Amino acid sequence: MSVRKRVCVVVLGDIGRSPRMQYHVKSLLEHNFTVDLVGYVETPPLAQITASDQVKIHELNPFPNLELPRLINYVTKTIWQFLTLLVALLSISRPDLMLCQNPPAIPTLFVCYYYCWLRNTRLLVDWHNYTHTILALTSTETSLVVRIARWMEGYYGRRSAGNLCVTEAMKRNLLKVWDIKATVLYDRPPEHFRPISLEERHELYMKLSTSISEFLTRTSDDFKESGVIESTNFTQRLSNGTILAKPLRPGILISSTSWTPDEDFSVLLSALEMYEEHVRGKPRGEFPDLVCIITGKGPQKEFYLNVLKGKKWQHVSVATPWLENEDYPKLLAAADLGVCLHWSSSGLDLPMKVVDMFGCGLPVCAINFQCLEELVQHRTNGFIFNNSAELFEHLIYWFERFPDNIALHSLKEEMNKSLRNFQQLRWKDNWDREALTYFQ
């Protein structure tokens, strides 16, 4: 009997909010590997991972919140992460291969490289972005920490057994700057990110209406109509079981954000403000009200929620719900337009949230940056904007005479066709084609 190969997957971050690394684990399980998954468990990981007896999750203790000066806090946190990660790795059986996520490079690459050197284990680095460009957002490119991070990424990346990255632009940059040869493994949507039926939408709206008031029907008039037994702000069910979409329903705008400096929420906020002013006073039916759903959590969330409390909008509402893992892809599929504010600190990575939206058949408005065209093509599968004014123009264009603007019919058909083509290649087949050879 052949012995299962063992892979250690290291995520120096929240496992539940690291979808790409979780998809790696799922693919490894499908090929009968045993997996040790090391990381923080602030958000529940995927059920397929937690339910598998071939995966053992080694939970890292998070760094305690201390009131320390910034530099001292960073150094102390790095030492804490170094020790907790090292202890976790020393507690597992020797893996045949280690898959390490970058960023963060400090102290992850250092610890993982020397652990693999001592244990005679092959190290594979999966490049999602660059640590030094993220650090430079709150510092300068010439600061000591940024220079150390840049050196570590180049030094240990060159000495790893293999490298995966997320774009062709990053592949070229890794080779040019550090002489690192990498294989492009594009993010692709797994099977559960898919379009859904009108009945599934209605069931989702009914479920979420208990926590999102904007999904509730606003009047009791629906139930005065003959045969209506269930109603949401967007759909209704008749007594014979038929589900109907309401003709003058609100539009659903959805965005997923980490509430960090590389996703400037104020751009969307300004565009919504412009939409509110534009729609105010217009005849009913010319433009719909907008329900804007913002998912995710992060350091700037409370700040922007306080800003939103001061808005007295009549035609735009914003909800920031907590969603169960199985509801997030369904809500993407039930929305009318996605918004992506991720602009990339390096200009070399692509937003996975757009991949998820495309998997669900949802066109997206994405803020422009260097290599975005590898994923989003303007007016083919979505729209590209550079500022809040351009985003506002796209919202007006898309939602005018919603949902039955005849002038948009051919464009929407072309977008749907493009998105269906995108959905032909899923994560599983792409991983088998591009990444499996590294693990064999």
# chains A, B, ... in the order shown; residues from 1 in each chain; ligands from 1
call {"tool": "residues_around", "arguments": {"residues": "region 51-57 of chain A", "least_positions_apart": "2", "cutoff": "10 Å", "atoms": "only C-alpha atoms", "output": "PyMOL selection string"}}
result
chain A and resi 4+6-9+15+25-26+28-29+32-41+45-49+59-60+92
call {"tool": "select_by_dssp", "arguments": {"residues": "region 167-333 of chain A", "states": "strand (DSSP E)", "output": "PyMOL selection string"}}
result
chain A and resi 183-184+228-231+235-238+243-245+251-256+290-295+316-319
call {"tool": "write_last_selection", "arguments": {"atoms": "C-alpha atoms", "output": "PDB file, in the first residue's frame"}}
result
ATOM      1  CA  THR A 183       4.052  29.284 -12.748  1.00  0.00           C
ATOM      2  CA  VAL A 184       0.872  31.301 -13.155  1.00  0.00           C
ATOM      3  CA  VAL A 228     -49.510  36.350  -3.177  1.00  0.00           C
ATOM      4  CA  ILE A 229     -48.407  34.286  -0.177  1.00  0.00           C
ATOM      5  CA  GLU A 230     -44.741  35.418   0.207  1.00  0.00           C
ATOM      6  CA  SER A 231     -43.141  38.695  -0.704  1.00  0.00           C
ATOM      7  CA  THR A 235     -39.739  38.907  -5.588  1.00  0.00           C
ATOM      8  CA  GLN A 236     -43.017  37.313  -4.638  1.00  0.00           C
ATOM      9  CA  ARG A 237     -44.422  33.782  -4.487  1.00  0.00           C
ATOM     10  CA  LEU A 238     -47.958  33.040  -5.610  1.00  0.00           C
ATOM     11  CA  ILE A 243     -42.093  33.000  -8.349  1.00  0.00           C
ATOM     12  CA  LEU A 244     -42.237  36.453  -9.952  1.00  0.00           C
ATOM     13  CA  ALA A 245     -39.669  39.247 -10.005  1.00  0.00           C
ATOM     14  CA  GLY A 251     -31.305  47.198  -7.821  1.00  0.00           C
ATOM     15  CA  ILE A 252     -28.814  45.206  -5.759  1.00  0.00           C
ATOM     16  CA  LEU A 253     -25.226  46.424  -5.768  1.00  0.00           C
ATOM     17  CA  ILE A 254     -22.696  44.232  -3.966  1.00  0.00           C
ATOM     18  CA  SER A 255     -19.090  44.714  -2.946  1.00  0.00           C
ATOM     19  CA  SER A 256     -16.757  42.684  -0.770  1.00  0.00           C
ATOM     20  CA  LEU A 290     -30.273  50.876  -4.814  1.00  0.00           C
ATOM     21  CA  VAL A 291     -29.605  48.414  -2.035  1.00  0.00           C
ATOM     22  CA  CYS A 292     -25.836  48.286  -1.603  1.00  0.00           C
ATOM     23  CA  ILE A 293     -24.546  45.212   0.238  1.00  0.00           C
ATOM     24  CA  ILE A 294     -20.994  45.449   1.625  1.00  0.00           C
ATOM     25  CA  THR A 295     -19.489  42.239   2.982  1.00  0.00           C
ATOM     26  CA  VAL A 316     -29.791  54.437  -1.600  1.00  0.00           C
ATOM     27  CA  SER A 317     -29.410  52.134   1.398  1.00  0.00           C
ATOM     28  CA  VAL A 318     -26.293  50.335   2.581  1.00  0.00           C
ATOM     29  CA  ALA A 319     -26.208  47.091   4.560  1.00  0.00           C
TER      30      ALA A 319
END
call {"tool": "select_by_dssp", "arguments": {"residues": "region 313-417 of chain A", "states": "helix (DSSP H, G or I)", "output": "number ranges by chain"}}
result
A: 327-334, 352-359, 372-374, 388-399, 406-417
call {"tool": "closest_atom_pairs", "arguments": {"of": "region 245-344 of chain A", "to": "region 194-198 of chain A", "cutoff": "9 Å", "atoms": "only C-alpha atoms", "output": "Markdown table"}}
result
| residue | atom | partner | partner_atom | distance |
| --- | --- | --- | --- | --- |
| A:Ala245 | CA | A:Leu198 | CA | 7.8 |
| A:Pro329 | CA | A:Arg194 | CA | 7.3 |
| A:Lys330 | CA | A:Ile196 | CA | 7.0 |
| A:Leu332 | CA | A:Pro195 | CA | 8.6 |
| A:Ala333 | CA | A:Pro195 | CA | 5.2 |
| A:Ala334 | CA | A:Ile196 | CA | 7.2 |
call {"tool": "residues_around", "arguments": {"residues": "Lys297 (chain A)", "least_positions_apart": "3", "cutoff": "8 Å", "atoms": "only C-alpha atoms", "output": "MDAnalysis selection string"}}
result
chainID A and resid 257:259 301
call {"tool": "closest_residue", "arguments": {"among": "A:Leu408, A:Ala335, A:Leu375, A:Leu268", "to": "Leu391 (chain A)", "atoms": "only C-alpha atoms"}}
result
A:Leu268
call {"tool": "closest_residue", "arguments": {"among": "A:Arg433, A:Lys207, A:Arg94, A:His132", "to": "Asp327 (chain A)", "atoms": "only C-alpha atoms"}}
result
A:Lys207
call {"tool": "closest_residue", "arguments": {"among": "A:Ile134, A:Met98, A:Leu323, A:Ala366", "to": "Thr260 (chain A)", "atoms": "only C-alpha atoms"}}
result
A:Ile134
call {"tool": "closest_residue", "arguments": {"among": "A:Leu350, A:Gly162, A:Pro250, A:Ser270", "to": "Tyr304 (chain A)", "atoms": "only C-alpha atoms"}}
result
A:Ser270
call {"tool": "closest_residue", "arguments": {"among": "A:Tyr156, A:Phe265, A:Tyr113, A:Tyr186", "to": "Trp431 (chain A)", "atoms": "only C-alpha atoms"}}
result
A:Tyr186
call {"tool": "atom_distance", "arguments": {"atom1": "CA of Glu277 (chain A)", "atom2": "CA of His394 (chain A)"}}
result
15.2 Å
call {"tool": "residues_around", "arguments": {"residues": "Met352 (chain A)", "least_positions_apart": "3", "cutoff": "10 Å", "atoms": "only C-alpha atoms", "output": "list of chain:residue names"}}
result
A:Pro19, A:Arg20, A:Val166, A:Tyr186, A:Asp187, A:Arg188, A:Pro189, A:Cys340, A:His342, A:Asp349, A:Val355, A:Asp356, A:Met357, A:Phe358, A:Leu375
